[in-house]
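Here's the structure we're looking at; comments come further down.
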Amino acid sequence: PTIFWGLGLVGFRVRVGAWVGIGPRIGEPPTMAAGGMQLADPALAEARLLVQRPAWSRLDVAPFALLYISLHSVLLQCEPGSWRETQALVVYGVALLLHLLTVLFARWSVRVRAMVGYVPCAVLEAASHALVCPKPNFGRGAIVRLEHAAEVAAGESVEVLGRAFPLDEARLTFQSARYEVTGAEPTLRRLAYPEGAEVAAVRAWEGFADPAAWQRALRRWGRNVCDIPAPEFLELFLEQATAPFFLFQVLCVVLWSLDDYWVYSVFTLFMLVVFEATVTMNRLSALSTLRDMRRPASVVYAYRLRRWLPVSSEDLLPGDIISVGGEKPHPQALSLSLSLTLSPKP
């Protein structure tokens, strides 16, 4: 019976997941909902602008809080042991179950999470987050924070290799890749870099000649850092503990605890928690090992402010001219050798 219950739960999650967006909807084209953005990346299937709801107006807080207050007031007016009290308790239990399912589906599905905690937005300037969903086999969707350009004048840009790159556009980071939102009708595209420049523009380029241009380039592309975030133990453990299969195991333990062998059920639950904690520790150890494998930053010579300056490799920017040999070149080396232009960051 346990196997059949497990298969039924998996089938239910697949069917409901195709409806609410837990899994990919094969063969169904994405729809342009309210706040939807045009897509210029072939790997993306959907992107929408969102505004985060206040905590009191979330769909997993406000409706259930009002329902609990109403049921509590009804229970206070019921006589103990009456049929009305029984009905109120049954409704109270159903409300708790619906509340639990709402919270769980918000963790399992990014679209349900967007519906519960966010409101679609049609104005780019008012949006605080964005829902980005890739195509099947391109990873999982996520709700990411939208970074608006602060203290930047309209039309301000940085010029590199004969091209002007604007600074007043909103940006976001999805799957460790940088995106920008451009145009009157918001269009989501990969952050553009100075690539494909003509030979004449490369030969005429002399690096960043003033500190203002370097600061604008830094504001545009950011530092050259490969950051691997290190999540907390509790964050990873909650991800493990709210997985559908683990919850199914906990449900089986609760059902077995109704029998006389409740001690065995408690021991099984304890072993399940210990196993999930062990898996979480292994994931943290693997992430720590991966972070330790990163190569440390090195010092290179970059041609800035019309002279060669020692610069950390983490501070290099697209358009920097660097010395490949690692030693300080001759002051006139730029006019006697080829220029090296940085390629986009992966």
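Residue numbering restarts at 1 in every chain; chains get A, B, ... in the order shown in the structure tokens, and ligands count up from 1 in that same order.
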**Prompt:** If you run DSSP on this backbone, which residues of segment 159-341 of chain A come out as strand (DSSP E or B), and could you give them as a ChimeraX atom specification?
**Reply:** /A:159-160,163-166,170-174,177-182,187-190,299-304,307-312,321-322,341
**Item:** Every residue of segment 189-249 of chain A that DSSP places in alpha helix (DSSP H), as a PyMOL selection string
**Value:** chain A and resi 199-204+211-221+233-241+244-249
**Asked** Counting only C-alpha atoms, which of A:Val103, A:Ala150, A:Ala127, A:Ala184 gets nearest to Arg219 of chain A?
**Response**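 Closest candidate: A:Ala150.
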**Request:** Within 12 Å of Leu67 of chain A, counting only C-alpha atoms, which residues show up once you throw out same-chain ones fewer than 4 positions away? Write them as a list in words, please.
**Result:** Asp60, Val61, Ala62, Pro63, Leu71, His72, Ser73, Val74, Ala88, Val91, Tyr92, Gly93, Val94, Ala95, Leu96, Leu98 and His99 of chain A
Using only N, CA and C atoms, please write the residues we just selected to a file, as a PDB file, in the first residue's frame.
ATOM      1  N   ASP A  60      -0.932  33.919   1.746  1.00  0.00           N
ATOM      2  CA  ASP A  60      -0.826  32.871   2.752  1.00  0.00           C
ATOM      3  C   ASP A  60      -0.853  33.434   4.176  1.00  0.00           C
ATOM      4  N   VAL A  61      -1.179  34.718   4.302  1.00  0.00           N
ATOM      5  CA  VAL A  61      -1.249  35.343   5.630  1.00  0.00           C
ATOM      6  C   VAL A  61      -2.625  35.966   5.865  1.00  0.00           C
ATOM      7  N   ALA A  62      -2.985  36.982   5.068  1.00  0.00           N
ATOM      8  CA  ALA A  62      -4.201  37.753   5.328  1.00  0.00           C
ATOM      9  C   ALA A  62      -5.481  36.914   5.243  1.00  0.00           C
ATOM     10  N   PRO A  63      -5.734  36.133   4.163  1.00  0.00           N
ATOM     11  CA  PRO A  63      -7.000  35.382   4.120  1.00  0.00           C
ATOM     12  C   PRO A  63      -7.133  34.375   5.243  1.00  0.00           C
ATOM     13  N   LEU A  71     -13.355  31.805  12.732  1.00  0.00           N
ATOM     14  CA  LEU A  71     -13.624  30.499  13.329  1.00  0.00           C
ATOM     15  C   LEU A  71     -13.452  30.527  14.843  1.00  0.00           C
ATOM     16  N   HIS A  72     -12.483  31.288  15.317  1.00  0.00           N
ATOM     17  CA  HIS A  72     -12.279  31.380  16.767  1.00  0.00           C
ATOM     18  C   HIS A  72     -13.458  32.076  17.442  1.00  0.00           C
ATOM     19  N   SER A  73     -13.988  33.111  16.789  1.00  0.00           N
ATOM     20  CA  SER A  73     -15.151  33.787  17.359  1.00  0.00           C
ATOM     21  C   SER A  73     -16.376  32.867  17.360  1.00  0.00           C
ATOM     22  N   VAL A  74     -16.514  32.018  16.329  1.00  0.00           N
ATOM     23  CA  VAL A  74     -17.629  31.066  16.295  1.00  0.00           C
ATOM     24  C   VAL A  74     -17.479  30.024  17.388  1.00  0.00           C
ATOM     25  N   ALA A  88     -17.525  23.565  13.378  1.00  0.00           N
ATOM     26  CA  ALA A  88     -16.492  24.602  13.394  1.00  0.00           C
ATOM     27  C   ALA A  88     -15.095  23.985  13.495  1.00  0.00           C
ATOM     28  N   VAL A  91     -14.165  22.576  10.073  1.00  0.00           N
ATOM     29  CA  VAL A  91     -13.765  23.664   9.178  1.00  0.00           C
ATOM     30  C   VAL A  91     -12.392  24.206   9.573  1.00  0.00           C
ATOM     31  N   TYR A  92     -12.132  24.265  10.882  1.00  0.00           N
ATOM     32  CA  TYR A  92     -10.827  24.732  11.358  1.00  0.00           C
ATOM     33  C   TYR A  92      -9.721  23.801  10.860  1.00  0.00           C
ATOM     34  N   GLY A  93      -9.963  22.482  10.922  1.00  0.00           N
ATOM     35  CA  GLY A  93      -8.971  21.532  10.431  1.00  0.00           C
ATOM     36  C   GLY A  93      -8.759  21.648   8.934  1.00  0.00           C
ATOM     37  N   VAL A  94      -9.843  21.822   8.174  1.00  0.00           N
ATOM     38  CA  VAL A  94      -9.713  21.997   6.728  1.00  0.00           C
ATOM     39  C   VAL A  94      -8.931  23.270   6.407  1.00  0.00           C
ATOM     40  N   ALA A  95      -9.167  24.337   7.165  1.00  0.00           N
ATOM     41  CA  ALA A  95      -8.434  25.590   6.948  1.00  0.00           C
ATOM     42  C   ALA A  95      -6.937  25.405   7.221  1.00  0.00           C
ATOM     43  N   LEU A  96      -6.606  24.670   8.276  1.00  0.00           N
ATOM     44  CA  LEU A  96      -5.191  24.398   8.569  1.00  0.00           C
ATOM     45  C   LEU A  96      -4.550  23.592   7.445  1.00  0.00           C
ATOM     46  N   LEU A  98      -5.506  23.511   4.237  1.00  0.00           N
ATOM     47  CA  LEU A  98      -5.354  24.393   3.074  1.00  0.00           C
ATOM     48  C   LEU A  98      -4.194  25.367   3.263  1.00  0.00           C
ATOM     49  N   HIS A  99      -4.040  25.867   4.470  1.00  0.00           N
ATOM     50  CA  HIS A  99      -2.926  26.777   4.765  1.00  0.00           C
ATOM     51  C   HIS A  99      -1.591  26.068   4.568  1.00  0.00           C
TER      52      HIS A  99
END
**Request:** Mind giving me the straight-line distance from atom CA of Leu101 of chain A to atom CA of Val116 of chain A in Å, one decimal?
**Result:** 12.2 Å
**Request:** Just the residues within 6 Å of Leu131 of chain A, please, counting only C-alpha atoms, with nothing from its chain fewer than 2 positions along; format it as a list in words.
**Result:**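 Surrounding residues, per the criterion: Ala47, Arg48 and Ile143 of chain A.
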Next, dump the selected residues to file, keeping only N, CA and C atoms, as a PDB file, in the first residue's frame.
ATOM      1  N   ALA A  47       9.054  35.819 -18.634  1.00  0.00           N
ATOM      2  CA  ALA A  47       9.596  36.782 -17.674  1.00  0.00           C
ATOM      3  C   ALA A  47       8.520  37.813 -17.380  1.00  0.00           C
ATOM      4  N   ARG A  48       8.318  38.106 -16.110  1.00  0.00           N
ATOM      5  CA  ARG A  48       7.277  39.053 -15.702  1.00  0.00           C
ATOM      6  C   ARG A  48       7.826  39.982 -14.627  1.00  0.00           C
ATOM      7  N   ILE A 143      12.506  33.809  -8.775  1.00  0.00           N
ATOM      8  CA  ILE A 143      12.112  35.205  -8.582  1.00  0.00           C
ATOM      9  C   ILE A 143      13.351  35.955  -8.122  1.00  0.00           C
TER      10      ILE A 143
END
**Message:** Need the shell around Ser298 of chain A: protein/DNA/RNA residues with any atom at most 9 Å away, counting only C-alpha atoms. Skip same-chain ones fewer than 4 positions apart. Format as a PyMOL selection string?
**Reply:** chain A and resi 311-314
Generate a file of the selected residues that holds C-alpha atoms, formatted as a compact mmCIF listing (two decimals), in the first residue's frame.
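File result.txt, as written:
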# COMPACT_ATOMS: atom_id res chain seq x y z
CA VAL A 311 45.42 46.04 -11.01
CA SER A 312 43.87 43.01 -9.34
CA SER A 313 42.36 40.51 -11.78
CA GLU A 314 39.05 40.92 -9.93
**Fill in**
Here atom CA of Val51 of chain A and atom CA of Ser128 of chain A stand apart by 5.1 Å
**Item:** Exercise: Ala192 of chain A partners within 10 Å, only C-alpha atoms, chain neighbours under 2 positions left out, as a PyMOL selection string
**Value:** chain A and resi 165-166+178-180+189-190+194-195+220-221+344
**Prompt:** At what distance in Å, to one decimal, does atom CA of Ala170 of chain A lie from atom CA of Val202 of chain A?
**Reply:**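 Atom-to-atom, atom CA of Val202 of chain A and atom CA of Ala170 of chain A are spaced 28.4 Å apart.
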12 Å contact set for Met37 of chain A, only C-alpha atoms, chain neighbours under 2 positions out, as an mmCIF file with all heavy atoms, in the first residue's frame:
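As a result, part33.cif now contains:
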data_model
loop_
_atom_site.group_PDB
_atom_site.id
_atom_site.type_symbol
_atom_site.label_atom_id
_atom_site.label_comp_id
_atom_site.auth_asym_id
_atom_site.auth_seq_id
_atom_site.Cartn_x
_atom_site.Cartn_y
_atom_site.Cartn_z
ATOM 1 N N PRO A 30 4.522 29.643 -23.886
ATOM 2 C CA PRO A 30 4.297 30.537 -22.770
ATOM 3 C C PRO A 30 3.337 31.657 -23.131
ATOM 4 O O PRO A 30 3.312 32.154 -24.254
ATOM 5 C CB PRO A 30 5.708 31.093 -22.470
ATOM 6 C CG PRO A 30 6.446 30.967 -23.769
ATOM 7 C CD PRO A 30 5.887 29.744 -24.435
ATOM 8 N N THR A 31 2.549 32.080 -22.175
ATOM 9 C CA THR A 31 1.596 33.165 -22.375
ATOM 10 C C THR A 31 2.163 34.447 -21.801
ATOM 11 O O THR A 31 2.897 34.435 -20.817
ATOM 12 C CB THR A 31 0.269 32.824 -21.693
ATOM 13 O OG1 THR A 31 0.503 32.584 -20.305
ATOM 14 C CG2 THR A 31 -0.347 31.573 -22.311
ATOM 15 N N MET A 32 1.781 35.570 -22.388
ATOM 16 C CA MET A 32 2.223 36.876 -21.931
ATOM 17 C C MET A 32 1.204 37.401 -20.925
ATOM 18 O O MET A 32 0.148 37.905 -21.299
ATOM 19 C CB MET A 32 2.368 37.839 -23.114
ATOM 20 C CG MET A 32 2.941 39.194 -22.714
ATOM 21 S SD MET A 32 4.625 39.063 -22.078
ATOM 22 C CE MET A 32 5.500 38.599 -23.568
ATOM 23 N N ALA A 33 1.512 37.276 -19.626
ATOM 24 C CA ALA A 33 0.601 37.704 -18.582
ATOM 25 C C ALA A 33 0.857 39.176 -18.265
ATOM 26 O O ALA A 33 1.667 39.853 -18.904
ATOM 27 C CB ALA A 33 0.787 36.844 -17.336
ATOM 28 N N ALA A 34 0.105 39.668 -17.270
ATOM 29 C CA ALA A 34 0.281 41.065 -16.859
ATOM 30 C C ALA A 34 1.701 41.277 -16.370
ATOM 31 O O ALA A 34 2.221 40.508 -15.570
ATOM 32 C CB ALA A 34 -0.720 41.404 -15.760
ATOM 33 N N GLY A 35 2.322 42.370 -16.822
ATOM 34 C CA GLY A 35 3.700 42.636 -16.441
ATOM 35 C C GLY A 35 4.712 41.830 -17.219
ATOM 36 O O GLY A 35 5.885 41.818 -16.866
ATOM 37 N N LEU A 39 11.262 38.810 -24.671
ATOM 38 C CA LEU A 39 12.455 38.019 -24.404
ATOM 39 C C LEU A 39 13.380 38.054 -25.613
ATOM 40 O O LEU A 39 12.951 37.815 -26.742
ATOM 41 C CB LEU A 39 12.080 36.577 -24.067
ATOM 42 C CG LEU A 39 11.153 36.389 -22.860
ATOM 43 C CD1 LEU A 39 10.794 34.924 -22.694
ATOM 44 C CD2 LEU A 39 11.794 36.925 -21.590
ATOM 45 N N ALA A 40 14.656 38.358 -25.349
ATOM 46 C CA ALA A 40 15.673 38.350 -26.400
ATOM 47 C C ALA A 40 16.692 37.245 -26.187
ATOM 48 O O ALA A 40 17.712 37.214 -26.869
ATOM 49 C CB ALA A 40 16.386 39.705 -26.457
ATOM 50 N N ASP A 41 16.432 36.334 -25.246
ATOM 51 C CA ASP A 41 17.311 35.207 -24.966
ATOM 52 C C ASP A 41 16.567 33.930 -25.323
ATOM 53 O O ASP A 41 15.502 33.648 -24.754
ATOM 54 C CB ASP A 41 17.716 35.193 -23.485
ATOM 55 C CG ASP A 41 18.811 34.180 -23.194
ATOM 56 O OD1 ASP A 41 19.064 33.314 -24.047
ATOM 57 O OD2 ASP A 41 19.413 34.238 -22.106
ATOM 58 N N LEU A 44 15.151 31.451 -22.517
ATOM 59 C CA LEU A 44 14.102 31.833 -21.585
ATOM 60 C C LEU A 44 12.737 31.599 -22.204
ATOM 61 O O LEU A 44 12.548 31.750 -23.414
ATOM 62 C CB LEU A 44 14.246 33.307 -21.185
ATOM 63 C CG LEU A 44 15.552 33.701 -20.502
ATOM 64 C CD1 LEU A 44 15.538 35.175 -20.146
ATOM 65 C CD2 LEU A 44 15.802 32.849 -19.259
ATOM 66 N N ALA A 45 11.778 31.232 -21.342
ATOM 67 C CA ALA A 45 10.412 30.971 -21.800
ATOM 68 C C ALA A 45 9.438 32.040 -21.332
ATOM 69 O O ALA A 45 8.431 32.291 -21.992
ATOM 70 C CB ALA A 45 9.937 29.598 -21.313
ATOM 71 N N GLU A 46 9.705 32.677 -20.197
ATOM 72 C CA GLU A 46 8.755 33.645 -19.654
ATOM 73 C C GLU A 46 9.478 34.557 -18.681
ATOM 74 O O GLU A 46 10.409 34.125 -17.972
ATOM 75 C CB GLU A 46 7.612 32.926 -18.932
ATOM 76 C CG GLU A 46 6.570 33.851 -18.314
ATOM 77 C CD GLU A 46 5.528 33.092 -17.521
ATOM 78 O OE1 GLU A 46 5.614 31.842 -17.458
ATOM 79 O OE2 GLU A 46 4.642 33.746 -16.950
ATOM 80 N N ALA A 47 9.054 35.819 -18.634
ATOM 81 C CA ALA A 47 9.596 36.782 -17.674
ATOM 82 C C ALA A 47 8.520 37.813 -17.380
ATOM 83 O O ALA A 47 7.877 38.324 -18.314
ATOM 84 C CB ALA A 47 10.861 37.459 -18.211
ATOM 85 N N ARG A 48 8.318 38.106 -16.110
ATOM 86 C CA ARG A 48 7.277 39.053 -15.702
ATOM 87 C C ARG A 48 7.826 39.982 -14.627
ATOM 88 O O ARG A 48 8.645 39.583 -13.796
ATOM 89 C CB ARG A 48 6.057 38.310 -15.155
ATOM 90 C CG ARG A 48 5.171 37.693 -16.218
ATOM 91 C CD ARG A 48 3.926 37.092 -15.608
ATOM 92 N NE ARG A 48 4.218 35.861 -14.894
ATOM 93 C CZ ARG A 48 3.371 35.270 -14.072
ATOM 94 N NH1 ARG A 48 2.209 35.820 -13.802
ATOM 95 N NH2 ARG A 48 3.696 34.135 -13.486
ATOM 96 N N LEU A 49 7.348 41.213 -14.646
ATOM 97 C CA LEU A 49 7.681 42.189 -13.615
ATOM 98 C C LEU A 49 6.738 42.014 -12.428
ATOM 99 O O LEU A 49 5.534 41.804 -12.604
ATOM 100 C CB LEU A 49 7.576 43.612 -14.168
ATOM 101 C CG LEU A 49 8.524 43.965 -15.319
ATOM 102 C CD1 LEU A 49 8.212 45.351 -15.848
ATOM 103 C CD2 LEU A 49 9.979 43.878 -14.864
ATOM 104 N N LEU A 50 7.288 42.125 -11.219
ATOM 105 C CA LEU A 50 6.515 41.903 -10.003
ATOM 106 C C LEU A 50 6.805 42.995 -8.988
ATOM 107 O O LEU A 50 7.859 43.636 -9.026
ATOM 108 C CB LEU A 50 6.848 40.546 -9.379
ATOM 109 C CG LEU A 50 6.661 39.299 -10.250
ATOM 110 C CD1 LEU A 50 7.209 38.080 -9.533
ATOM 111 C CD2 LEU A 50 5.203 39.105 -10.620
ATOM 112 N N PRO A 120 1.612 41.351 -10.051
ATOM 113 C CA PRO A 120 2.130 41.722 -11.368
ATOM 114 C C PRO A 120 2.186 43.237 -11.538
ATOM 115 O O PRO A 120 1.327 43.971 -11.051
ATOM 116 C CB PRO A 120 1.134 41.075 -12.338
ATOM 117 C CG PRO A 120 0.486 39.988 -11.565
ATOM 118 C CD PRO A 120 0.441 40.451 -10.146
ATOM 119 N N CYS A 121 3.207 43.697 -12.233
ATOM 120 C CA CYS A 121 3.429 45.133 -12.422
ATOM 121 C C CYS A 121 3.716 45.386 -13.895
ATOM 122 O O CYS A 121 4.486 44.651 -14.527
ATOM 123 C CB CYS A 121 4.595 45.609 -11.549
ATOM 124 S SG CYS A 121 5.010 47.345 -11.743
ATOM 125 N N ALA A 122 3.105 46.419 -14.439
ATOM 126 C CA ALA A 122 3.291 46.771 -15.852
ATOM 127 C C ALA A 122 4.281 47.909 -16.047
ATOM 128 O O ALA A 122 4.659 48.198 -17.185
ATOM 129 C CB ALA A 122 1.950 47.143 -16.477
ATOM 130 N N VAL A 123 4.703 48.575 -14.978
ATOM 131 C CA VAL A 123 5.620 49.712 -15.057
ATOM 132 C C VAL A 123 6.985 49.274 -14.544
ATOM 133 O O VAL A 123 7.098 48.795 -13.411
ATOM 134 C CB VAL A 123 5.093 50.903 -14.237
ATOM 135 C CG1 VAL A 123 6.042 52.095 -14.372
ATOM 136 C CG2 VAL A 123 3.700 51.286 -14.694
ATOM 137 N N LEU A 124 7.989 49.427 -15.374
ATOM 138 C CA LEU A 124 9.332 48.978 -15.009
ATOM 139 C C LEU A 124 9.862 49.719 -13.788
ATOM 140 O O LEU A 124 10.484 49.121 -12.903
ATOM 141 C CB LEU A 124 10.275 49.159 -16.197
ATOM 142 C CG LEU A 124 11.752 48.815 -15.959
ATOM 143 C CD1 LEU A 124 11.909 47.357 -15.566
ATOM 144 C CD2 LEU A 124 12.576 49.124 -17.209
ATOM 145 N N ALA A 127 8.540 48.242 -10.483
ATOM 146 C CA ALA A 127 8.768 46.828 -10.188
ATOM 147 C C ALA A 127 9.946 46.665 -9.237
ATOM 148 O O ALA A 127 10.936 47.395 -9.307
ATOM 149 C CB ALA A 127 9.022 46.057 -11.480
ATOM 150 N N ALA A 130 11.427 40.258 -10.454
ATOM 151 C CA ALA A 130 11.056 39.707 -11.759
ATOM 152 C C ALA A 130 10.988 38.194 -11.655
ATOM 153 O O ALA A 130 11.837 37.567 -11.003
ATOM 154 C CB ALA A 130 12.044 40.125 -12.840
ATOM 155 N N LEU A 131 9.963 37.624 -12.269
ATOM 156 C CA LEU A 131 9.835 36.169 -12.387
ATOM 157 C C LEU A 131 10.431 35.747 -13.715
ATOM 158 O O LEU A 131 9.987 36.192 -14.777
ATOM 159 C CB LEU A 131 8.366 35.759 -12.307
ATOM 160 C CG LEU A 131 8.036 34.312 -12.696
ATOM 161 C CD1 LEU A 131 8.673 33.337 -11.713
ATOM 162 C CD2 LEU A 131 6.539 34.107 -12.771
ATOM 163 N N VAL A 132 11.450 34.898 -13.678
ATOM 164 C CA VAL A 132 12.141 34.437 -14.884
ATOM 165 C C VAL A 132 12.045 32.920 -14.924
ATOM 166 O O VAL A 132 12.458 32.243 -13.971
ATOM 167 C CB VAL A 132 13.610 34.889 -14.908
ATOM 168 C CG1 VAL A 132 14.271 34.479 -16.212
ATOM 169 C CG2 VAL A 132 13.719 36.388 -14.700
ATOM 170 N N CYS A 133 11.491 32.389 -16.005
ATOM 171 C CA CYS A 133 11.331 30.947 -16.182
ATOM 172 C C CYS A 133 12.047 30.525 -17.465
ATOM 173 O O CYS A 133 11.723 31.043 -18.535
ATOM 174 C CB CYS A 133 9.859 30.560 -16.254
ATOM 175 S SG CYS A 133 8.938 30.892 -14.729
ATOM 176 N N GLU A 180 19.761 42.634 -18.678
ATOM 177 C CA GLU A 180 19.328 44.017 -18.632
ATOM 178 C C GLU A 180 17.939 44.125 -19.237
ATOM 179 O O GLU A 180 17.564 43.342 -20.123
ATOM 180 C CB GLU A 180 20.306 44.925 -19.375
ATOM 181 C CG GLU A 180 20.496 44.563 -20.834
ATOM 182 C CD GLU A 180 21.521 45.439 -21.526
ATOM 183 O OE1 GLU A 180 21.953 46.419 -20.894
ATOM 184 O OE2 GLU A 180 21.890 45.140 -22.675
ATOM 185 N N VAL A 181 17.166 45.083 -18.736
ATOM 186 C CA VAL A 181 15.814 45.332 -19.227
ATOM 187 C C VAL A 181 15.850 46.633 -19.993
ATOM 188 O O VAL A 181 16.145 47.695 -19.421
ATOM 189 C CB VAL A 181 14.802 45.392 -18.073
ATOM 190 C CG1 VAL A 181 13.383 45.533 -18.610
ATOM 191 C CG2 VAL A 181 14.910 44.157 -17.186
ATOM 192 N N THR A 182 15.557 46.584 -21.286
ATOM 193 C CA THR A 182 15.703 47.747 -22.157
ATOM 194 C C THR A 182 14.400 48.011 -22.883
ATOM 195 O O THR A 182 13.526 47.148 -22.996
ATOM 196 C CB THR A 182 16.826 47.516 -23.186
ATOM 197 O OG1 THR A 182 16.489 46.380 -23.993
ATOM 198 C CG2 THR A 182 18.151 47.260 -22.501
ATOM 199 N N GLY A 183 14.277 49.238 -23.432
ATOM 200 C CA GLY A 183 13.176 49.595 -24.309
ATOM 201 C C GLY A 183 11.951 50.107 -23.587
ATOM 202 O O GLY A 183 11.777 49.925 -22.378
ATOM 203 N N ALA A 184 11.091 50.810 -24.355
ATOM 204 C CA ALA A 184 9.829 51.295 -23.799
ATOM 205 C C ALA A 184 8.934 50.133 -23.401
ATOM 206 O O ALA A 184 8.324 50.139 -22.336
ATOM 207 C CB ALA A 184 9.128 52.190 -24.826
ATOM 208 N N GLU A 185 8.848 49.122 -24.279
ATOM 209 C CA GLU A 185 8.225 47.865 -23.894
ATOM 210 C C GLU A 185 9.331 46.994 -23.322
ATOM 211 O O GLU A 185 10.241 46.575 -24.045
ATOM 212 C CB GLU A 185 7.574 47.185 -25.096
ATOM 213 C CG GLU A 185 6.404 47.956 -25.671
ATOM 214 C CD GLU A 185 5.734 47.179 -26.792
ATOM 215 O OE1 GLU A 185 6.221 46.076 -27.095
ATOM 216 O OE2 GLU A 185 4.736 47.683 -27.333
ATOM 217 N N PRO A 186 9.303 46.730 -22.005
ATOM 218 C CA PRO A 186 10.448 46.059 -21.359
ATOM 219 C C PRO A 186 10.858 44.787 -22.096
ATOM 220 O O PRO A 186 10.044 43.902 -22.350
ATOM 221 C CB PRO A 186 9.924 45.760 -19.954
ATOM 222 C CG PRO A 186 8.851 46.759 -19.714
ATOM 223 C CD PRO A 186 8.208 46.986 -21.052
ATOM 224 N N THR A 187 12.141 44.716 -22.458
ATOM 225 C CA THR A 187 12.713 43.561 -23.130
ATOM 226 C C THR A 187 13.880 43.053 -22.305
ATOM 227 O O THR A 187 14.779 43.818 -21.944
ATOM 228 C CB THR A 187 13.198 43.923 -24.545
ATOM 229 O OG1 THR A 187 12.101 44.438 -25.298
ATOM 230 C CG2 THR A 187 13.772 42.707 -25.248
ATOM 231 N N LEU A 188 13.862 41.773 -22.000
ATOM 232 C CA LEU A 188 14.913 41.153 -21.199
ATOM 233 C C LEU A 188 15.944 40.530 -22.133
ATOM 234 O O LEU A 188 15.609 39.695 -22.966
ATOM 235 C CB LEU A 188 14.315 40.089 -20.275
ATOM 236 C CG LEU A 188 15.280 39.442 -19.268
ATOM 237 C CD1 LEU A 188 15.794 40.475 -18.283
ATOM 238 C CD2 LEU A 188 14.588 38.301 -18.532
ATOM 239 N N ARG A 189 17.200 40.951 -21.990
ATOM 240 C CA ARG A 189 18.273 40.444 -22.829
ATOM 241 C C ARG A 189 19.539 40.309 -21.990
ATOM 242 O O ARG A 189 19.665 40.902 -20.924
ATOM 243 C CB ARG A 189 18.515 41.364 -24.025
ATOM 244 C CG ARG A 189 19.023 42.733 -23.660
ATOM 245 C CD ARG A 189 19.296 43.592 -24.887
ATOM 246 N NE ARG A 189 18.063 44.020 -25.523
ATOM 247 C CZ ARG A 189 17.662 43.586 -26.712
ATOM 248 N NH1 ARG A 189 18.389 42.699 -27.374
ATOM 249 N NH2 ARG A 189 16.533 44.030 -27.232
#
